[in-house]
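A.B. asks: I am attaching a structure below and will ask some questions about it afterwards.
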Amino acid sequence: MMATSGKDSRGLKHDVSVPSNGSCEEFAAMNGTATEVETPSNGAEVRPQRFTFSPAPSMEDIRRMQAEFTDERDWNKFHQPRNLLLAMVGEVGEVAELFQWRGEAAEGLPDWTETEREQLAHELSDVLIYLVELAEKCRVDLPQAVLRKMALNRLKYPASKVHGSAKKYTEYKD
Ligand SMILES: Nc1ccn([C@H]2C[C@H](O)[C@@H](COP(=O)(O)OP(=O)(O)OP(=O)(O)O)O2)c(=O)n1
């Protein structure tokens, strides 16, 4: 596939090439970036696509890579559930630090520099790494647990009932 990349107004990469099956979704999945569909004939319409992640690594891949990282360093003796929880919360604090005192942030973080975006990527990754290891050490099969929880969420918040409202489920009077 021939690919050229550029940056949109939010600093997100977008592609102007044609993926192998011609689908922008495929390209977004490969790159983990937002893409735009442009209509070259009139040059006017730019249709934003929903941001998507790359398909890999999976949660199990992350669990295994972090297990290898800790095994190689003989760090399992430090990585009990409570320590992992505290480490994760500390990293959440580091994410919060990046947002503090700068007002509301619009989707795509248009006012952020590439360096700030990379810092955010690092801190969010730290949170995820510790979350996945915490789940492992607590014997929670996280991908399956997420499926069960999302099913519960759909039951608790039927789209037909809560559409456009951010109220907690306890506030609804049936
Ligand atoms: N005992 C440790 C220490 C680190 N890590 C791994 C998991 C995290 O992804 C990352 C955390 O490293 P730091 O504690 O050095 O934290 P930061 O990378 O956020 O550095 P800083 O606090 O300087 O921003 O390294 C780990 O698994 N176990």
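Ordered as shown in the structure tokens, chains take letters A, B, and onward, while each chain numbers its residues from 1 and ligands are numbered from 1 in the order shown.
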Give me, as CSV, each residue of chain A that comes within 8 Å of ligand 1, together with its shortest interatomic pair and the distance in Å at one decimal, counting only C-alpha atoms and all ligand atoms, with rows ordered by chain and rising residue number.
C.D. replies:
residue,atom,partner,partner_atom_place_in_ligand_line,distance
A:Gln66,CA,ligand 1,27 (O),6.8
A:Phe69,CA,ligand 1,27 (O),7.1
A:Thr70,CA,ligand 1,27 (O),6.3
A:Trp75,CA,ligand 1,1 (N),6.7
A:Phe78,CA,ligand 1,1 (N),6.9
A:His79,CA,ligand 1,28 (N),7.2
A:Ala87,CA,ligand 1,14 (O),7.6
A:Glu91,CA,ligand 1,19 (O),6.2
A:Glu94,CA,ligand 1,19 (O),7.1
A:His122,CA,ligand 1,18 (O),7.3
A:Glu123,CA,ligand 1,19 (O),6.0
A:Ser125,CA,ligand 1,9 (O),6.4
A:Asp126,CA,ligand 1,9 (O),3.8
A:Val127,CA,ligand 1,9 (O),7.2
A:Ile129,CA,ligand 1,9 (O),5.7
A:Tyr130,CA,ligand 1,7 (C),6.4
A.B. asks: Give me the residues near A:Gln144 as a short mmCIF file (atom, residue, chain, number, x, y, z; two decimals) with N, CA and C atoms, in the first residue's frame, where near means some atom within 12 Å (using only C-alpha atoms) and where sequence neighbours in that chain fewer than 4 positions away do not count.
C.D. replies:
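The file below, out_31.cif, is the result:
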data_model
loop_
_atom_site.label_atom_id
_atom_site.label_comp_id
_atom_site.auth_asym_id
_atom_site.auth_seq_id
_atom_site.Cartn_x
_atom_site.Cartn_y
_atom_site.Cartn_z
N MET A 59 -5.20 -7.40 25.22
CA MET A 59 -4.98 -7.33 26.67
C MET A 59 -4.12 -8.50 27.13
N GLU A 60 -4.33 -9.67 26.54
CA GLU A 60 -3.52 -10.83 26.91
C GLU A 60 -2.06 -10.61 26.50
N ALA A 135 -5.35 -6.91 37.45
CA ALA A 135 -6.41 -7.88 37.13
C ALA A 135 -5.84 -9.30 37.13
N ARG A 139 -6.73 -12.44 39.58
CA ARG A 139 -7.40 -13.51 38.84
C ARG A 139 -8.72 -13.06 38.23
N VAL A 140 -8.71 -11.83 37.71
CA VAL A 140 -9.85 -11.33 36.93
C VAL A 140 -9.48 -11.43 35.45
N ARG A 148 -18.96 -8.82 30.32
CA ARG A 148 -20.06 -9.00 31.29
C ARG A 148 -20.53 -7.65 31.82
N LYS A 149 -19.57 -6.76 32.12
CA LYS A 149 -19.95 -5.47 32.70
C LYS A 149 -20.68 -4.61 31.68
N MET A 150 -20.25 -4.67 30.43
CA MET A 150 -20.94 -3.87 29.40
C MET A 150 -22.37 -4.36 29.19
N ALA A 151 -22.56 -5.67 29.31
CA ALA A 151 -23.92 -6.21 29.19
C ALA A 151 -24.78 -5.67 30.34
#
A.B. asks: Compile the contact shell of stretch 160-163 of chain A as a compact mmCIF listing (two decimals) with N, CA and C atoms, in the first residue's frame: residues with an atom at most 12 Å away, counting only C-alpha atoms, same-chain residues fewer than 6 positions apart removed.
C.D. replies:
# COMPACT_ATOMS: atom_id res chain seq x y z
N ASN A 153 -24.25 -2.87 31.96
CA ASN A 153 -24.45 -1.43 31.71
C ASN A 153 -25.61 -1.18 30.75
N ARG A 154 -25.68 -2.05 29.71
CA ARG A 154 -26.77 -1.87 28.73
C ARG A 154 -28.13 -2.12 29.36
N TYR A 169 -28.37 5.95 37.05
CA TYR A 169 -29.56 5.08 36.91
C TYR A 169 -30.49 5.17 38.09
N THR A 170 -29.93 5.50 39.27
CA THR A 170 -30.76 5.59 40.47
C THR A 170 -31.71 6.79 40.42
N GLU A 171 -31.45 7.73 39.53
CA GLU A 171 -32.29 8.94 39.45
C GLU A 171 -33.53 8.74 38.57
N TYR A 172 -33.58 7.62 37.85
CA TYR A 172 -34.75 7.40 36.99
C TYR A 172 -35.89 6.83 37.78
N LYS A 173 -37.07 7.41 37.61
CA LYS A 173 -38.27 6.84 38.20
C LYS A 173 -39.04 6.14 37.09
N ASP A 174 -39.07 4.79 37.16
CA ASP A 174 -39.70 4.02 36.07
C ASP A 174 -41.19 4.31 35.93
A.B. asks: What separation in Å, quoted to one decimal, exists between atom CA of A:Leu120 and atom CA of A:Gly103?
C.D. replies: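 Separation between atom CA of A:Leu120 and atom CA of A:Gly103: 16.1 Å.
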A.B. asks: Need the shell around A:Ala67: protein/DNA/RNA residues with any atom at most 12 Å away, counting only C-alpha atoms. Skip same-chain ones fewer than 3 positions apart. Format as a list in words?
C.D. replies: Glu60, Asp61, Ile62, Arg63, Arg64, Thr70, Asp71, Glu72, Arg73, Asp74, Trp75, Asn76, His79, Ile129, Tyr130, Val132, Glu133, Leu134, Glu136 and Lys137 of chain A
A.B. asks: Next, the residues of the selection above should be written as a compact mmCIF listing (two decimals), in the first residue's frame with C-alpha atoms.
C.D. replies:
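Full text of out-v9.txt as output:
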# COMPACT_ATOMS: atom_id res chain seq x y z
CA GLU A 60 -3.52 -10.83 26.91
CA ASP A 61 -0.46 -9.67 24.95
CA ILE A 62 -0.03 -6.79 27.41
CA ARG A 63 -0.43 -9.15 30.39
CA ARG A 64 2.20 -11.49 28.99
CA THR A 70 8.57 -8.33 35.97
CA ASP A 71 9.93 -11.92 35.83
CA GLU A 72 13.16 -10.73 34.18
CA ARG A 73 13.69 -8.25 37.04
CA ASP A 74 12.57 -10.49 39.90
CA TRP A 75 9.92 -7.87 40.71
CA ASN A 76 6.99 -10.17 41.35
CA HIS A 79 3.86 -6.64 42.59
CA ILE A 129 -0.12 -1.80 32.23
CA TYR A 130 -0.74 -1.67 35.99
CA VAL A 132 -3.87 -5.37 33.44
CA GLU A 133 -1.32 -6.72 35.93
CA LEU A 134 -3.64 -5.93 38.84
CA GLU A 136 -4.02 -10.78 36.51
CA LYS A 137 -2.85 -10.86 40.14
A.B. asks: When you count only C-alpha atoms, which of these residues is closest to A:Gly90: A:Leu142, A:Ala56, A:Leu131, A:Leu155?
C.D. replies: A:Leu131
A.B. asks: Excluding A:Trp112 and any residue of its chain fewer than 2 positions from it, enumerate the residues within 12 Å of it, using only C-alpha atoms, and give them as a PyMOL selection string.
C.D. replies: chain A and resi 9-12+98-99+102+104-110+114-120
A.B. asks: Given the selection you just returned, output its residues as a file containing C-alpha atoms, formatted as a short mmCIF file (atom, residue, chain, number, x, y, z; two decimals), in the first residue's frame.
C.D. replies:
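Everything below was put into part_6.cif:
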data_model
loop_
_atom_site.label_atom_id
_atom_site.label_comp_id
_atom_site.auth_asym_id
_atom_site.auth_seq_id
_atom_site.Cartn_x
_atom_site.Cartn_y
_atom_site.Cartn_z
CA SER A 9 -6.03 20.58 12.64
CA ARG A 10 -6.06 18.51 15.85
CA GLY A 11 -2.57 17.21 15.21
CA LEU A 12 -3.93 13.76 14.40
CA LEU A 98 -1.11 16.78 32.39
CA PHE A 99 -4.67 18.17 32.31
CA ARG A 102 -5.33 24.29 31.54
CA GLU A 104 -11.41 22.11 29.41
CA ALA A 105 -9.80 20.05 26.68
CA ALA A 106 -11.66 19.47 23.42
CA GLU A 107 -11.78 16.02 21.82
CA GLY A 108 -8.55 15.37 19.95
CA LEU A 109 -6.66 17.79 22.23
CA PRO A 110 -6.19 20.40 19.47
CA GLU A 114 3.19 16.50 20.06
CA THR A 115 5.41 16.27 23.15
CA GLU A 116 2.40 16.67 25.44
CA ARG A 117 0.48 14.05 23.47
CA GLU A 118 3.37 11.61 23.79
CA GLN A 119 3.57 12.26 27.55
CA LEU A 120 -0.14 11.50 27.78
#
A.B. asks: List every residue of stretch 36-140 of chain A that DSSP, applied to the backbone, labels as alpha helix (DSSP H), and write the result as a PyMOL selection string.
C.D. replies: chain A and resi 59-73+81-99+114-137
